[in-house]
Amino acid sequence: GQVRVTCTGEPVRRSVCHCLECQKRSGSAFAVQARWPREQVEISGEAREWTQMGETGQSATFRFCPTCGSTVWYTNEAMPGTVAVAVGAFADPTFPPPTVSVWEVRRHTWV
């Protein structure tokens, strides 16, 4: 409840990313996120942020809860005007699955 993101409408993209930065950031073999147009996202509460340069040379700015450290949402240069929200932040096991998979060259062979 420290940080709240409310999204309206359907996401424009649901994806899984296998890049090394997402692996490190999420502490998992990949990260799963859904993106909405900025105007369909309402954000409240206090968050911290850091900016990371990706392997493509474009940056992403991640926002996380200062209490638990979970990444909640981020924006990136590759998809301006959108907000990516970590699917796990919804705590909804019925959330639709990703339809896009990126950075598969970094994918763990067992995935």
# chains A, B, ... in the order shown; residues from 1 in each chain; ligands from 1
>>> select_by_dssp(residues="region 1-110 of chain A", states="alpha helix (DSSP H)", output="ChimeraX atom specification")
/A:20-26
>>> residues_around(residues="region 97-102 of chain A", least_positions_apart="4", cutoff="7 Å", atoms="only C-alpha atoms", output="list in words")
Arg14, Ser15, Val16, Cys17 and His18 of chain A
>>> write_last_selection(atoms="N, CA and C atoms", output="PDB file, in the first residue's frame")
ATOM      1  N   ARG A  14       1.849  -6.896 -23.193  1.00  0.00           N
ATOM      2  CA  ARG A  14       2.203  -7.741 -22.051  1.00  0.00           C
ATOM      3  C   ARG A  14       3.415  -8.534 -22.492  1.00  0.00           C
ATOM      4  N   SER A  15       4.520  -8.391 -21.750  1.00  0.00           N
ATOM      5  CA  SER A  15       5.754  -9.008 -22.235  1.00  0.00           C
ATOM      6  C   SER A  15       6.591  -9.597 -21.107  1.00  0.00           C
ATOM      7  N   VAL A  16       7.487 -10.460 -21.535  1.00  0.00           N
ATOM      8  CA  VAL A  16       8.495 -11.025 -20.656  1.00  0.00           C
ATOM      9  C   VAL A  16       9.845 -10.619 -21.251  1.00  0.00           C
ATOM     10  N   CYS A  17      10.768 -10.200 -20.385  1.00  0.00           N
ATOM     11  CA  CYS A  17      12.094  -9.776 -20.844  1.00  0.00           C
ATOM     12  C   CYS A  17      13.146 -10.664 -20.196  1.00  0.00           C
ATOM     13  N   HIS A  18      14.046 -11.168 -21.030  1.00  0.00           N
ATOM     14  CA  HIS A  18      15.103 -12.068 -20.567  1.00  0.00           C
ATOM     15  C   HIS A  18      16.467 -11.368 -20.460  1.00  0.00           C
TER      16      HIS A  18
END
>>> residues_around(residues="Val72 (chain A)", least_positions_apart="5", cutoff="8 Å", atoms="only C-alpha atoms", output="CSV table (one decimal) with N, CA and C atoms, in the first residue's frame")
chain,number,residue,atom,x,y,z
A,3,VAL,N,3.0,2.3,-2.2
A,3,VAL,CA,2.9,2.9,-3.6
A,3,VAL,C,1.7,2.2,-4.3
A,5,VAL,N,-0.4,1.9,-8.0
A,5,VAL,CA,-0.6,2.2,-9.4
A,5,VAL,C,-1.9,1.6,-9.9
A,62,PHE,N,13.4,3.1,-13.3
A,62,PHE,CA,12.6,2.1,-12.5
A,62,PHE,C,12.2,2.8,-11.2
A,63,ARG,N,10.9,2.6,-10.8
A,63,ARG,CA,10.4,3.1,-9.6
A,63,ARG,C,10.1,2.0,-8.7
A,64,PHE,N,10.5,2.1,-7.4
A,64,PHE,CA,10.3,1.0,-6.5
A,64,PHE,C,9.8,1.5,-5.2
A,65,CYS,N,9.2,0.6,-4.4
A,65,CYS,CA,8.7,0.9,-3.1
A,65,CYS,C,9.9,1.1,-2.1
A,85,VAL,N,4.3,-1.7,-15.9
A,85,VAL,CA,4.0,-2.1,-14.5
A,85,VAL,C,4.4,-3.6,-14.4
A,86,ALA,N,5.1,-3.9,-13.3
A,86,ALA,CA,5.5,-5.3,-13.0
A,86,ALA,C,4.2,-6.0,-12.8
A,89,ALA,N,3.1,-6.9,-9.3
A,89,ALA,CA,2.5,-5.9,-8.5
A,89,ALA,C,1.0,-5.9,-8.4
>>> residues_around(residues="Gln23 (chain A)", least_positions_apart="4", cutoff="12 Å", atoms="only C-alpha atoms", output="PyMOL selection string")
chain A and resi 16-19+27-32+103+106-108
>>> atom_distance(atom1="CA of Asn76 (chain A)", atom2="CA of Gln52 (chain A)")
9.4 Å
>>> select_by_dssp(residues="chain A", states="strand (DSSP E or B)", output="ChimeraX atom specification")
/A:3-7,13-17,31-37,41-45,48-53,59-64,71-76,82-86,100-102
>>> atom_distance(atom1="CA of Ala78 (chain A)", atom2="CA of Gly1 (chain A)")
29.1 Å
>>> closest_residue(among="A:Leu20, A:Val41, A:Val83, A:Ala91", to="Thr56 (chain A)", atoms="only C-alpha atoms")
A:Leu20
>>> atom_distance(atom1="CA of Tyr74 (chain A)", atom2="CA of Arg35 (chain A)")
9.3 Å
>>> closest_residue(among="A:Pro93, A:Gly54, A:Gly88, A:Gly81", to="Val12 (chain A)", atoms="only C-alpha atoms")
A:Gly81
>>> closest_residue(among="A:Arg48, A:Gln40, A:Ala60, A:Cys7", to="Glu21 (chain A)", atoms="only C-alpha atoms")
A:Ala60
